[in-house]
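Here is the file query_15.txt (compact mmCIF, C-alpha atoms and all ligand atoms).
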```txt
# COMPACT_ATOMS: atom_id res chain seq x y z
CA MET A 1 -16.13 6.03 -43.82
CA LYS A 2 -18.18 2.89 -44.16
CA SER A 3 -15.29 0.74 -43.00
CA ASP A 4 -14.80 3.01 -39.97
CA ILE A 5 -18.35 2.32 -38.90
CA MET A 6 -17.83 -1.39 -39.46
CA LYS A 7 -14.67 -1.23 -37.38
CA MET A 8 -16.49 0.50 -34.52
CA MET A 9 -19.28 -2.06 -34.66
CA MET A 10 -16.78 -4.90 -34.53
CA GLN A 11 -15.05 -3.30 -31.57
CA GLY A 12 -18.38 -2.90 -29.84
CA LEU A 13 -19.18 -6.56 -30.40
CA ALA A 14 -15.78 -7.62 -29.13
CA MET A 15 -16.28 -5.51 -26.03
CA ALA A 16 -19.74 -6.92 -25.39
CA PHE A 17 -18.40 -10.45 -25.78
CA LEU A 18 -15.54 -9.69 -23.40
CA LEU A 19 -17.93 -8.32 -20.78
CA ILE A 20 -20.23 -11.30 -21.05
CA SER A 21 -17.45 -13.89 -20.87
CA THR A 22 -15.71 -12.04 -18.06
CA HIS A 23 -18.94 -11.94 -16.12
CA ILE A 24 -19.50 -15.66 -16.53
CA SER A 25 -16.03 -16.71 -15.44
CA ALA A 26 -16.11 -14.27 -12.52
CA ALA A 27 -19.50 -15.53 -11.33
CA ASP A 28 -18.69 -19.24 -11.26
CA HIS A 29 -17.56 -20.95 -8.05
CA ALA A 30 -13.99 -20.77 -6.81
CA CYS A 31 -12.56 -23.64 -4.73
CA SER A 32 -12.55 -21.34 -1.73
CA ASP A 33 -16.34 -20.90 -1.96
CA CYS A 34 -16.63 -24.37 -0.44
CA HIS A 35 -13.17 -25.46 0.70
CA ALA A 36 -11.24 -23.95 3.59
CA THR A 37 -7.69 -24.89 2.63
CA ALA A 38 -5.31 -24.28 -0.26
CA THR A 39 -5.33 -28.03 -0.94
CA PRO A 40 -9.05 -28.74 -1.28
CA ASN A 41 -10.14 -32.19 -0.11
CA ALA A 42 -13.20 -34.01 1.17
CA ASN A 43 -12.59 -33.01 4.78
CA ASP A 44 -12.03 -29.27 4.56
CA LEU A 45 -15.51 -28.04 3.60
CA ILE A 46 -16.15 -24.67 5.18
CA GLN A 47 -19.28 -26.18 6.71
CA PRO A 48 -21.34 -29.39 6.45
CA LEU A 49 -23.13 -29.88 3.15
CA SER A 50 -26.48 -29.42 4.83
CA GLY A 51 -25.77 -25.70 5.09
CA LEU A 52 -22.92 -25.16 2.65
CA CYS A 53 -24.91 -24.49 -0.53
CA ALA A 54 -27.89 -23.02 1.22
CA ASP A 55 -25.88 -20.19 2.74
CA CYS A 56 -25.25 -18.67 -0.68
CA HIS A 57 -28.35 -19.99 -2.42
CA ILE A 58 -30.94 -19.25 0.21
CA ASP A 59 -33.45 -18.55 -2.58
CA ARG A 60 -33.36 -22.29 -3.40
CA ILE A 61 -34.68 -23.26 0.03
CA THR A 62 -38.37 -22.81 -0.62
CA ALA A 63 -41.44 -24.94 -0.33
CA GLY A 64 -41.30 -25.59 -4.08
CA GLU A 65 -37.76 -26.99 -3.99
CA HIS A 66 -36.80 -30.61 -3.79
CA VAL A 67 -36.48 -31.94 -0.25
CA ILE A 68 -32.94 -32.49 1.05
CA GLY A 69 -31.58 -33.98 4.26
CA ILE A 70 -33.72 -37.11 3.95
CA PRO A 71 -32.44 -40.68 3.76
CA VAL A 72 -33.00 -42.26 0.34
CA THR A 73 -32.08 -45.34 -1.56
CA THR A 74 -30.89 -44.75 -5.08
CA PRO A 75 -31.76 -47.98 -6.86
CA GLU A 76 -28.85 -47.88 -9.27
CA ASN A 77 -26.58 -46.31 -6.68
CA THR A 78 -25.62 -43.72 -9.25
CA LEU A 79 -26.10 -40.56 -7.24
CA PRO A 80 -23.98 -39.78 -4.17
CA LEU A 81 -25.50 -39.33 -0.74
CA HIS A 82 -23.67 -37.49 2.00
CA ASP A 83 -23.79 -38.85 5.53
CA GLY A 84 -26.52 -41.11 4.22
CA VAL A 85 -28.90 -38.36 3.24
CA MET A 86 -29.78 -36.47 0.09
CA SER A 87 -28.03 -33.14 -0.37
CA CYS A 88 -27.79 -30.46 -3.01
CA ALA A 89 -24.72 -32.30 -4.30
CA THR A 90 -26.73 -35.45 -4.86
CA CYS A 91 -28.13 -33.84 -8.01
CA HIS A 92 -25.56 -31.09 -8.61
CA ASP A 93 -21.88 -31.86 -9.18
CA PRO A 94 -20.09 -29.07 -7.31
CA HIS A 95 -17.00 -29.57 -9.45
CA GLN A 96 -18.71 -28.96 -12.74
CA SER A 97 -18.93 -25.44 -14.05
CA PHE A 98 -21.86 -23.78 -12.29
CA ALA A 99 -22.50 -27.02 -10.37
CA ALA A 100 -24.20 -28.60 -13.36
CA LEU A 101 -26.66 -31.41 -12.83
CA ARG A 102 -25.12 -34.88 -12.67
CA MET A 103 -27.66 -36.14 -15.18
CA LYS A 104 -30.28 -34.63 -17.42
CA ASP A 105 -34.00 -34.85 -16.85
CA PRO A 106 -35.73 -37.23 -16.82
CA GLU A 107 -32.88 -39.67 -16.05
CA LEU A 108 -31.95 -37.70 -12.93
CA CYS A 109 -35.38 -37.94 -11.36
CA GLN A 110 -35.92 -41.51 -12.49
CA GLN A 111 -32.97 -42.72 -10.44
CA CYS A 112 -35.30 -42.50 -7.45
CA HIS A 113 -38.77 -41.95 -8.87
CA LEU A 114 -39.39 -44.97 -11.01
CA LYS A 115 -42.30 -44.18 -13.30
C1 LIG B 201 -19.71 -25.60 -4.77
C2 LIG B 201 -18.89 -26.22 -3.76
C3 LIG B 201 -17.53 -26.76 -4.16
C4 LIG B 201 -16.58 -26.14 -4.93
C5 LIG B 201 -16.64 -24.81 -5.60
C6 LIG B 201 -15.45 -27.03 -4.98
N1 LIG B 201 -15.72 -28.15 -4.27
FE1 LIG B 201 -14.45 -29.73 -3.98
N2 LIG B 201 -15.90 -30.70 -2.91
C7 LIG B 201 -17.14 -30.21 -2.63
C8 LIG B 201 -17.91 -31.24 -1.97
C9 LIG B 201 -19.35 -31.10 -1.53
C10 LIG B 201 -17.08 -32.37 -1.87
C11 LIG B 201 -17.44 -33.75 -1.36
C12 LIG B 201 -17.32 -33.91 0.09
C13 LIG B 201 -17.99 -35.20 0.49
O1 LIG B 201 -18.18 -36.07 -0.37
O2 LIG B 201 -18.32 -35.32 1.67
C14 LIG B 201 -15.80 -31.99 -2.45
C15 LIG B 201 -14.71 -32.85 -2.52
C16 LIG B 201 -13.49 -32.50 -3.08
C17 LIG B 201 -12.32 -33.36 -3.12
C18 LIG B 201 -12.23 -34.77 -2.55
C19 LIG B 201 -12.36 -35.79 -3.63
C20 LIG B 201 -13.73 -35.76 -4.24
O3 LIG B 201 -13.83 -35.47 -5.44
O4 LIG B 201 -14.71 -35.99 -3.52
C21 LIG B 201 -11.34 -32.69 -3.78
C22 LIG B 201 -9.93 -33.18 -4.13
C23 LIG B 201 -11.89 -31.38 -4.15
N3 LIG B 201 -13.20 -31.30 -3.70
C24 LIG B 201 -11.20 -30.41 -4.82
C25 LIG B 201 -11.74 -29.21 -5.26
C26 LIG B 201 -11.01 -28.21 -6.03
C27 LIG B 201 -9.55 -28.31 -6.46
C28 LIG B 201 -11.88 -27.19 -6.27
C29 LIG B 201 -11.67 -25.93 -7.11
C30 LIG B 201 -11.21 -26.18 -8.48
C31 LIG B 201 -13.15 -27.55 -5.65
N4 LIG B 201 -13.02 -28.77 -5.04
C32 LIG B 201 -14.29 -26.76 -5.67
C33 LIG B 201 -17.61 -28.96 -2.95
C34 LIG B 201 -16.98 -28.03 -3.74
C1 LIG B 202 -19.72 -18.82 -1.35
C2 LIG B 202 -21.02 -18.83 -2.00
C3 LIG B 202 -21.46 -20.08 -2.72
C4 LIG B 202 -21.47 -21.38 -2.26
C5 LIG B 202 -20.99 -21.91 -0.92
C6 LIG B 202 -22.10 -22.17 -3.29
N1 LIG B 202 -22.44 -21.37 -4.35
FE1 LIG B 202 -23.34 -21.96 -6.05
N2 LIG B 202 -23.05 -20.14 -6.87
C7 LIG B 202 -22.56 -19.03 -6.21
C8 LIG B 202 -22.46 -17.92 -7.14
C9 LIG B 202 -22.01 -16.51 -6.82
C10 LIG B 202 -22.89 -18.41 -8.39
C11 LIG B 202 -22.94 -17.66 -9.72
C12 LIG B 202 -24.31 -17.51 -10.26
C13 LIG B 202 -25.17 -16.70 -9.35
O1 LIG B 202 -24.92 -15.50 -9.18
O2 LIG B 202 -26.15 -17.28 -8.82
C14 LIG B 202 -23.27 -19.80 -8.19
C15 LIG B 202 -23.82 -20.62 -9.15
C16 LIG B 202 -24.39 -21.85 -8.93
C17 LIG B 202 -25.21 -22.60 -9.85
C18 LIG B 202 -25.57 -22.15 -11.26
C19 LIG B 202 -26.64 -21.09 -11.17
C20 LIG B 202 -27.01 -20.53 -12.50
O3 LIG B 202 -27.78 -19.56 -12.51
O4 LIG B 202 -26.53 -21.03 -13.53
C21 LIG B 202 -25.61 -23.74 -9.22
C22 LIG B 202 -26.51 -24.83 -9.79
C23 LIG B 202 -25.01 -23.73 -7.91
N3 LIG B 202 -24.30 -22.56 -7.76
C24 LIG B 202 -25.16 -24.73 -6.97
C25 LIG B 202 -24.41 -24.80 -5.79
C26 LIG B 202 -24.32 -25.98 -4.96
C27 LIG B 202 -25.03 -27.29 -5.23
C28 LIG B 202 -23.51 -25.65 -3.89
C29 LIG B 202 -23.06 -26.53 -2.76
C30 LIG B 202 -22.37 -27.79 -3.14
C31 LIG B 202 -23.12 -24.26 -4.07
N4 LIG B 202 -23.68 -23.80 -5.24
C32 LIG B 202 -22.33 -23.53 -3.20
C33 LIG B 202 -22.22 -18.99 -4.87
C34 LIG B 202 -22.06 -20.09 -4.05
C1 LIG B 203 -33.55 -33.67 -6.98
C2 LIG B 203 -32.43 -33.02 -7.60
C3 LIG B 203 -32.03 -31.66 -7.10
C4 LIG B 203 -31.68 -31.30 -5.81
C5 LIG B 203 -31.66 -32.16 -4.56
C6 LIG B 203 -31.32 -29.90 -5.87
N1 LIG B 203 -31.45 -29.44 -7.14
FE1 LIG B 203 -30.95 -27.58 -7.79
N2 LIG B 203 -31.78 -27.99 -9.61
C7 LIG B 203 -32.27 -29.23 -9.98
C8 LIG B 203 -32.87 -29.10 -11.30
C9 LIG B 203 -33.53 -30.22 -12.09
C10 LIG B 203 -32.72 -27.72 -11.67
C11 LIG B 203 -33.20 -27.05 -12.95
C12 LIG B 203 -32.07 -26.98 -13.93
C13 LIG B 203 -32.48 -26.30 -15.20
O1 LIG B 203 -33.51 -25.61 -15.20
O2 LIG B 203 -31.74 -26.45 -16.19
C14 LIG B 203 -32.02 -27.07 -10.58
C15 LIG B 203 -31.65 -25.73 -10.56
C16 LIG B 203 -30.87 -25.13 -9.58
C17 LIG B 203 -30.31 -23.80 -9.64
C18 LIG B 203 -30.51 -22.81 -10.78
C19 LIG B 203 -29.66 -23.20 -11.95
C20 LIG B 203 -29.99 -22.35 -13.15
O3 LIG B 203 -29.45 -22.68 -14.22
O4 LIG B 203 -30.77 -21.40 -13.04
C21 LIG B 203 -29.61 -23.58 -8.49
C22 LIG B 203 -28.85 -22.33 -8.10
C23 LIG B 203 -29.76 -24.78 -7.70
N3 LIG B 203 -30.52 -25.69 -8.40
C24 LIG B 203 -29.24 -24.94 -6.44
C25 LIG B 203 -29.57 -25.99 -5.61
C26 LIG B 203 -29.29 -26.01 -4.17
C27 LIG B 203 -28.58 -24.92 -3.40
C28 LIG B 203 -29.78 -27.18 -3.71
C29 LIG B 203 -29.85 -27.66 -2.28
C30 LIG B 203 -30.60 -26.83 -1.38
C31 LIG B 203 -30.36 -27.91 -4.84
N4 LIG B 203 -30.22 -27.14 -5.96
C32 LIG B 203 -30.92 -29.17 -4.77
C33 LIG B 203 -32.19 -30.39 -9.27
C34 LIG B 203 -31.89 -30.48 -7.93
C1 LIG B 204 -31.71 -39.36 -4.82
C2 LIG B 204 -33.12 -39.68 -4.95
C3 LIG B 204 -34.05 -38.66 -5.58
C4 LIG B 204 -33.88 -37.99 -6.77
C5 LIG B 204 -32.70 -38.04 -7.71
C6 LIG B 204 -35.07 -37.22 -6.98
N1 LIG B 204 -35.93 -37.41 -5.94
FE1 LIG B 204 -37.73 -36.52 -5.72
N2 LIG B 204 -37.93 -37.36 -3.87
C7 LIG B 204 -37.06 -38.26 -3.32
C8 LIG B 204 -37.53 -38.63 -1.98
C9 LIG B 204 -36.89 -39.62 -1.04
C10 LIG B 204 -38.73 -37.89 -1.77
C11 LIG B 204 -39.59 -37.86 -0.50
C12 LIG B 204 -40.95 -38.37 -0.74
C13 LIG B 204 -40.94 -39.83 -1.03
O1 LIG B 204 -40.54 -40.63 -0.17
O2 LIG B 204 -41.36 -40.21 -2.15
C14 LIG B 204 -38.96 -37.12 -2.99
C15 LIG B 204 -40.05 -36.31 -3.21
C16 LIG B 204 -40.34 -35.67 -4.41
C17 LIG B 204 -41.57 -34.93 -4.68
C18 LIG B 204 -42.73 -34.75 -3.72
C19 LIG B 204 -42.38 -33.65 -2.76
C20 LIG B 204 -43.24 -33.69 -1.55
O3 LIG B 204 -43.49 -32.60 -1.00
O4 LIG B 204 -43.63 -34.79 -1.14
C21 LIG B 204 -41.49 -34.45 -5.95
C22 LIG B 204 -42.52 -33.64 -6.71
C23 LIG B 204 -40.21 -34.89 -6.49
N3 LIG B 204 -39.54 -35.61 -5.53
C24 LIG B 204 -39.75 -34.60 -7.75
C25 LIG B 204 -38.49 -34.91 -8.22
C26 LIG B 204 -37.93 -34.41 -9.47
C27 LIG B 204 -38.66 -33.53 -10.45
C28 LIG B 204 -36.67 -34.91 -9.54
C29 LIG B 204 -35.65 -34.63 -10.62
C30 LIG B 204 -35.29 -33.25 -10.82
C31 LIG B 204 -36.44 -35.72 -8.35
N4 LIG B 204 -37.57 -35.69 -7.58
C32 LIG B 204 -35.29 -36.40 -8.07
C33 LIG B 204 -35.91 -38.74 -3.89
C34 LIG B 204 -35.36 -38.29 -5.06
```

Show me, as C-alpha cells, the structure contained in the file I just sent.
Ligand code: HEC
Ligand code: HEC
Ligand code: HEC
Ligand code: HEC
Amino acid sequence: MKSDIMKMMMQGLAMAFLLISTHISAADHACSDCHATATPNANDLIQPLSGLCADCHIDRITAGEHVIGIPVTTPENTLPLHDGVMSCATCHDPHQSFAALRMKDPELCQQCHLK
C-alpha cells in the first residue's frame, strides 16, 4: 500500500519533469525561426536583423530597453556589430540556447560603458 503511493508519486514527478523539459525544448528557437533555407548561413536570414528579433519579441521594444540600430565602437572589439550598428545579436548570441547573453553583467555593459 505504502509503496503503491510512493510509486504513484514517483510517476507524477517523472511526468512533471517530462512536461517541463518538453516545454523548454519546444520553446527554444529552431534554425527556421531566423534562417530561410535548409542550409542556414549568414546570408539567408528571413529578414534583416533590425526587424528579425523584434518581430517575435515585440515586447522587448520599449522605452526601457537598450537602444539598437545605433553606430557604436566597442573598445575591445569583442561584441559583433551588424552593418556597423548595434543589434539584438550584439548582446545575445542567437546560436546559444535561448539566445543567451554573450557575456555576463557587468562585463557585457562595460565593453562600451567604461565606468
Ligand atoms: C534567433 C535567430 C537565429 C537562430 C535561431 C539561428 N540563427 Fe544562425 N544566424 C543568425 C544571425 C543573426 C546570424 C549572423 C548573420 C550576420 O552576422 O549578419 C547567423 C549566422 C549563421 C551562420 C553563418 C556563420 C555565423 O556563425 O555567423 C550559420 C552557419 C548559421 N547561422 C547556422 C545556424 C543553424 C544551423 C541554426 C540552427 C541550429 C541557426 N543558425 C539558428 C540568427 C539565428
Ligand atoms: C520566429 C520567432 C522568433 C524569432 C525570429 C526570434 N525569437 Fe527569440 N524566442 C522565440 C520564442 C518562441 C522563444 C521561447 C521563449 C518565449 O516564449 O519567449 C524565444 C526565446 C528567446 C530568448 C530567451 C527568453 C527567455 O525567456 O528565456 C531570448 C533572449 C531571445 N529569444 C532572443 C532573440 C533574439 C536576440 C533574436 C534575434 C537574433 C530572436 N530571439 C529571434 C521566438 C523568436
Ligand atoms: C545591451 C545589451 C542588450 C541588447 C542590445 C539587447 N538585450 Fe536583451 N537582454 C539583455 C540583458 C542584460 C537581459 C537580462 C538577462 C537576465 O535578466 O538574465 C536581456 C533580456 C532579454 C530577454 C529576456 C530573457 C529572459 O531570460 O527573460 C529577451 C527575450 C531579450 N533580452 C530580447 C532582446 C531583443 C529582441 C533585443 C533587440 C531588440 C535585445 N534583447 C537587445 C541585454 C541586451
Ligand atoms: C556595444 C556597445 C554597448 C553595450 C554592450 C552596452 N551599451 Fe548601453 N549604450 C551604448 C550606446 C552607444 C548608447 C547610446 C548613448 C551613448 O552614446 O552613450 C547606450 C546607452 C545606454 C543607456 C542610456 C539610454 C539612453 O536613453 O540614453 C543606458 C542606461 C545603457 N546604455 C545601459 C547599458 C547596460 C545596462 C548595458 C549592459 C546590459 C549596456 N548598456 C551595454 C552602447 C552599449

Enumerate, in order of chain and increasing residue number, the residues of chain A with an atom no farther than 8 Å from ligand LIG 203 (chain B), each with its shortest atom pair and distance in Å to one decimal, counting all atoms listed in the file, as CSV.
```
residue,atom,partner,partner_atom,distance
A:Ser50,CA,B:LIG203,C30,7.9
A:Cys53,CA,B:LIG203,C27,4.7
A:Ala54,CA,B:LIG203,C27,5.0
A:Cys56,CA,B:LIG203,C27,7.6
A:His57,CA,B:LIG203,C27,5.0
A:Ile58,CA,B:LIG203,C27,7.1
A:Arg60,CA,B:LIG203,C27,5.5
A:Ile61,CA,B:LIG203,C30,5.6
A:Glu65,CA,B:LIG203,C32,7.2
A:His66,CA,B:LIG203,C5,5.4
A:Val67,CA,B:LIG203,C5,6.5
A:Ile68,CA,B:LIG203,C5,5.8
A:Met86,CA,B:LIG203,C5,6.6
A:Ser87,CA,B:LIG203,C5,5.6
A:Cys88,CA,B:LIG203,C29,3.6
A:Ala89,CA,B:LIG203,C5,6.9
A:Thr90,CA,B:LIG203,C5,5.9
A:Cys91,CA,B:LIG203,C2,4.4
A:His92,CA,B:LIG203,N1,6.3
A:Phe98,CA,B:LIG203,C19,7.8
A:Ala100,CA,B:LIG203,C19,7.8
A:Leu101,CA,B:LIG203,C33,6.7
A:Lys104,CA,B:LIG203,C9,7.6
A:Asp105,CA,B:LIG203,C9,6.7
A:Leu108,CA,B:LIG203,C2,7.1
A:Cys109,CA,B:LIG203,C1,6.4
```

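Of the listed residues A:Ile70, A:Ala42, A:Ala63, A:Ala27, the one whose atoms come nearest to ligand LIG 202 (chain B) is A:Ala27, with distances taken using all atoms listed in the file.
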
With only C-alpha atoms as the counted atoms, please give the residues lying no more than 12 Å from His35 of chain A, apart from itself and same-chain residues fewer than 2 positions off, as a PDB file with C-alpha atoms, keeping the file's coordinate frame.
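Heads up, here's the output in part-v6.pdb:
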```pdb
ATOM      1  CA  HIS A  29     -17.560 -20.950  -8.050  1.00  0.00           C
ATOM      2  CA  ALA A  30     -13.990 -20.770  -6.810  1.00  0.00           C
ATOM      3  CA  CYS A  31     -12.560 -23.640  -4.730  1.00  0.00           C
ATOM      4  CA  SER A  32     -12.550 -21.340  -1.730  1.00  0.00           C
ATOM      5  CA  ASP A  33     -16.340 -20.900  -1.960  1.00  0.00           C
ATOM      6  CA  THR A  37      -7.690 -24.890   2.630  1.00  0.00           C
ATOM      7  CA  ALA A  38      -5.310 -24.280  -0.260  1.00  0.00           C
ATOM      8  CA  THR A  39      -5.330 -28.030  -0.940  1.00  0.00           C
ATOM      9  CA  PRO A  40      -9.050 -28.740  -1.280  1.00  0.00           C
ATOM     10  CA  ASN A  41     -10.140 -32.190  -0.110  1.00  0.00           C
ATOM     11  CA  ALA A  42     -13.200 -34.010   1.170  1.00  0.00           C
ATOM     12  CA  ASN A  43     -12.590 -33.010   4.780  1.00  0.00           C
ATOM     13  CA  ASP A  44     -12.030 -29.270   4.560  1.00  0.00           C
ATOM     14  CA  LEU A  45     -15.510 -28.040   3.600  1.00  0.00           C
ATOM     15  CA  ILE A  46     -16.150 -24.670   5.180  1.00  0.00           C
ATOM     16  CA  GLN A  47     -19.280 -26.180   6.710  1.00  0.00           C
ATOM     17  CA  PRO A  48     -21.340 -29.390   6.450  1.00  0.00           C
ATOM     18  CA  LEU A  49     -23.130 -29.880   3.150  1.00  0.00           C
ATOM     19  CA  LEU A  52     -22.920 -25.160   2.650  1.00  0.00           C
ATOM     20  CA  CYS A  53     -24.910 -24.490  -0.530  1.00  0.00           C
ATOM     21  CA  PRO A  94     -20.090 -29.070  -7.310  1.00  0.00           C
ATOM     22  CA  HIS A  95     -17.000 -29.570  -9.450  1.00  0.00           C
TER      23      HIS A  95
END
```

#### Entry: Given all atoms listed in the file as the counted atoms, nearest of A:Gly84, A:Arg102, A:Thr74, A:Ser97 to ligand LIG 204 (chain B)
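Between A:Gly84, A:Arg102, A:Thr74, A:Ser97, the residue approaching ligand LIG 204 (chain B) most closely is A:Thr74.
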
### Query
Out of A:Ala36, A:Val72, A:Ala99, A:Val85, which residue has the shortest atom-to-atom distance to ligand LIG 201 (chain B) when counting all atoms listed in the file?
A:Ala99

### Task
Counting only C-alpha atoms and all ligand atoms, figure out which residue out of A:Asp93, A:Pro106, A:Leu114, A:Asn77 gets nearest to ligand LIG 202 (chain B).
A:Asp93

### Query
Quick one: of A:Pro71, A:Gln111, A:Gln96, A:Leu79, who's nearest to ligand LIG 202 (chain B), counting only C-alpha atoms and all ligand atoms?
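Of the candidates, the smallest distance to ligand LIG 202 (chain B) is held by A:Gln96.
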
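Taking atom C22 of ligand LIG 204 (chain B) and atom CA of Asp28 of chain A as the two end points, the separation is 28.2 Å.
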
### Query
What does the distance between atom C6 of ligand LIG 201 (chain B) and atom CA of Gln110 of chain A come to in Å, to one decimal place?
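Atom-to-atom, atom C6 of ligand LIG 201 (chain B) and atom CA of Gln110 of chain A are spaced 26.2 Å apart.
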
### Message
Report, in Å to a single decimal, how far apart atom C11 of ligand LIG 202 (chain B) and atom CA of Cys112 of chain A are.
### Response
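Rounded to one decimal, the two atoms are 27.8 Å apart.
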
Write out N, CA and C atoms for segment 82-108 of chain A, as a PDB file, in the frame of the given file.
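Writing done, so here's result01.pdb:
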```
ATOM      1  N   HIS A  82     -24.690 -37.993   1.094  1.00  0.00           N
ATOM      2  CA  HIS A  82     -23.670 -37.490   2.000  1.00  0.00           C
ATOM      3  C   HIS A  82     -24.155 -37.691   3.423  1.00  0.00           C
ATOM      4  N   ASP A  83     -23.382 -38.425   4.200  1.00  0.00           N
ATOM      5  CA  ASP A  83     -23.790 -38.850   5.530  1.00  0.00           C
ATOM      6  C   ASP A  83     -25.139 -39.572   5.454  1.00  0.00           C
ATOM      7  N   GLY A  84     -25.332 -40.295   4.378  1.00  0.00           N
ATOM      8  CA  GLY A  84     -26.520 -41.110   4.220  1.00  0.00           C
ATOM      9  C   GLY A  84     -27.781 -40.389   3.795  1.00  0.00           C
ATOM     10  N   VAL A  85     -27.690 -39.086   3.629  1.00  0.00           N
ATOM     11  CA  VAL A  85     -28.900 -38.360   3.240  1.00  0.00           C
ATOM     12  C   VAL A  85     -28.679 -37.615   1.929  1.00  0.00           C
ATOM     13  N   MET A  86     -29.799 -37.213   1.335  1.00  0.00           N
ATOM     14  CA  MET A  86     -29.780 -36.470   0.090  1.00  0.00           C
ATOM     15  C   MET A  86     -29.337 -35.038   0.362  1.00  0.00           C
ATOM     16  N   SER A  87     -28.476 -34.530  -0.509  1.00  0.00           N
ATOM     17  CA  SER A  87     -28.030 -33.140  -0.370  1.00  0.00           C
ATOM     18  C   SER A  87     -28.146 -32.458  -1.726  1.00  0.00           C
ATOM     19  N   CYS A  88     -27.810 -31.190  -1.740  1.00  0.00           N
ATOM     20  CA  CYS A  88     -27.790 -30.460  -3.010  1.00  0.00           C
ATOM     21  C   CYS A  88     -26.837 -31.154  -3.988  1.00  0.00           C
ATOM     22  N   ALA A  89     -25.739 -31.686  -3.450  1.00  0.00           N
ATOM     23  CA  ALA A  89     -24.720 -32.300  -4.300  1.00  0.00           C
ATOM     24  C   ALA A  89     -25.097 -33.698  -4.754  1.00  0.00           C
ATOM     25  N   THR A  90     -26.243 -34.195  -4.304  1.00  0.00           N
ATOM     26  CA  THR A  90     -26.730 -35.450  -4.860  1.00  0.00           C
ATOM     27  C   THR A  90     -27.101 -35.249  -6.322  1.00  0.00           C
ATOM     28  N   CYS A  91     -27.714 -34.124  -6.627  1.00  0.00           N
ATOM     29  CA  CYS A  91     -28.130 -33.840  -8.010  1.00  0.00           C
ATOM     30  C   CYS A  91     -27.133 -32.941  -8.735  1.00  0.00           C
ATOM     31  N   HIS A  92     -26.502 -32.025  -7.997  1.00  0.00           N
ATOM     32  CA  HIS A  92     -25.560 -31.090  -8.610  1.00  0.00           C
ATOM     33  C   HIS A  92     -24.126 -31.556  -8.350  1.00  0.00           C
ATOM     34  N   ASP A  93     -23.301 -31.550  -9.366  1.00  0.00           N
ATOM     35  CA  ASP A  93     -21.880 -31.860  -9.180  1.00  0.00           C
ATOM     36  C   ASP A  93     -21.142 -30.550  -8.902  1.00  0.00           C
ATOM     37  N   PRO A  94     -20.687 -30.362  -7.659  1.00  0.00           N
ATOM     38  CA  PRO A  94     -20.090 -29.070  -7.310  1.00  0.00           C
ATOM     39  C   PRO A  94     -18.821 -28.768  -8.090  1.00  0.00           C
ATOM     40  N   HIS A  95     -18.248 -29.796  -8.723  1.00  0.00           N
ATOM     41  CA  HIS A  95     -17.000 -29.570  -9.450  1.00  0.00           C
ATOM     42  C   HIS A  95     -17.194 -29.325 -10.926  1.00  0.00           C
ATOM     43  N   GLN A  96     -18.418 -29.372 -11.374  1.00  0.00           N
ATOM     44  CA  GLN A  96     -18.710 -28.960 -12.740  1.00  0.00           C
ATOM     45  C   GLN A  96     -18.909 -27.453 -12.768  1.00  0.00           C
ATOM     46  N   SER A  97     -18.672 -26.862 -13.906  1.00  0.00           N
ATOM     47  CA  SER A  97     -18.930 -25.440 -14.050  1.00  0.00           C
ATOM     48  C   SER A  97     -20.374 -25.145 -13.663  1.00  0.00           C
ATOM     49  N   PHE A  98     -20.552 -24.169 -12.795  1.00  0.00           N
ATOM     50  CA  PHE A  98     -21.860 -23.780 -12.290  1.00  0.00           C
ATOM     51  C   PHE A  98     -22.622 -24.961 -11.683  1.00  0.00           C
ATOM     52  N   ALA A  99     -21.883 -25.876 -11.060  1.00  0.00           N
ATOM     53  CA  ALA A  99     -22.500 -27.020 -10.370  1.00  0.00           C
ATOM     54  C   ALA A  99     -23.594 -27.668 -11.205  1.00  0.00           C
ATOM     55  N   ALA A 100     -23.224 -28.005 -12.430  1.00  0.00           N
ATOM     56  CA  ALA A 100     -24.200 -28.600 -13.360  1.00  0.00           C
ATOM     57  C   ALA A 100     -24.813 -29.864 -12.781  1.00  0.00           C
ATOM     58  N   LEU A 101     -25.985 -30.206 -13.284  1.00  0.00           N
ATOM     59  CA  LEU A 101     -26.660 -31.410 -12.830  1.00  0.00           C
ATOM     60  C   LEU A 101     -25.837 -32.642 -13.225  1.00  0.00           C
ATOM     61  N   ARG A 102     -25.886 -33.662 -12.402  1.00  0.00           N
ATOM     62  CA  ARG A 102     -25.120 -34.880 -12.670  1.00  0.00           C
ATOM     63  C   ARG A 102     -25.701 -35.653 -13.841  1.00  0.00           C
ATOM     64  N   MET A 103     -26.988 -35.499 -14.055  1.00  0.00           N
ATOM     65  CA  MET A 103     -27.660 -36.140 -15.180  1.00  0.00           C
ATOM     66  C   MET A 103     -28.739 -35.196 -15.667  1.00  0.00           C
ATOM     67  N   LYS A 104     -29.184 -35.437 -16.880  1.00  0.00           N
ATOM     68  CA  LYS A 104     -30.280 -34.630 -17.420  1.00  0.00           C
ATOM     69  C   LYS A 104     -31.619 -35.208 -16.953  1.00  0.00           C
ATOM     70  N   ASP A 105     -32.641 -34.352 -16.975  1.00  0.00           N
ATOM     71  CA  ASP A 105     -34.000 -34.850 -16.850  1.00  0.00           C
ATOM     72  C   ASP A 105     -34.303 -35.662 -18.099  1.00  0.00           C
ATOM     73  N   PRO A 106     -35.104 -36.719 -18.035  1.00  0.00           N
ATOM     74  CA  PRO A 106     -35.730 -37.230 -16.820  1.00  0.00           C
ATOM     75  C   PRO A 106     -34.880 -38.283 -16.097  1.00  0.00           C
ATOM     76  N   GLU A 107     -33.700 -38.612 -16.655  1.00  0.00           N
ATOM     77  CA  GLU A 107     -32.880 -39.670 -16.050  1.00  0.00           C
ATOM     78  C   GLU A 107     -32.604 -39.372 -14.573  1.00  0.00           C
ATOM     79  N   LEU A 108     -32.292 -38.094 -14.294  1.00  0.00           N
ATOM     80  CA  LEU A 108     -31.950 -37.700 -12.930  1.00  0.00           C
ATOM     81  C   LEU A 108     -33.047 -38.101 -11.953  1.00  0.00           C
TER      82      LEU A 108
END
```
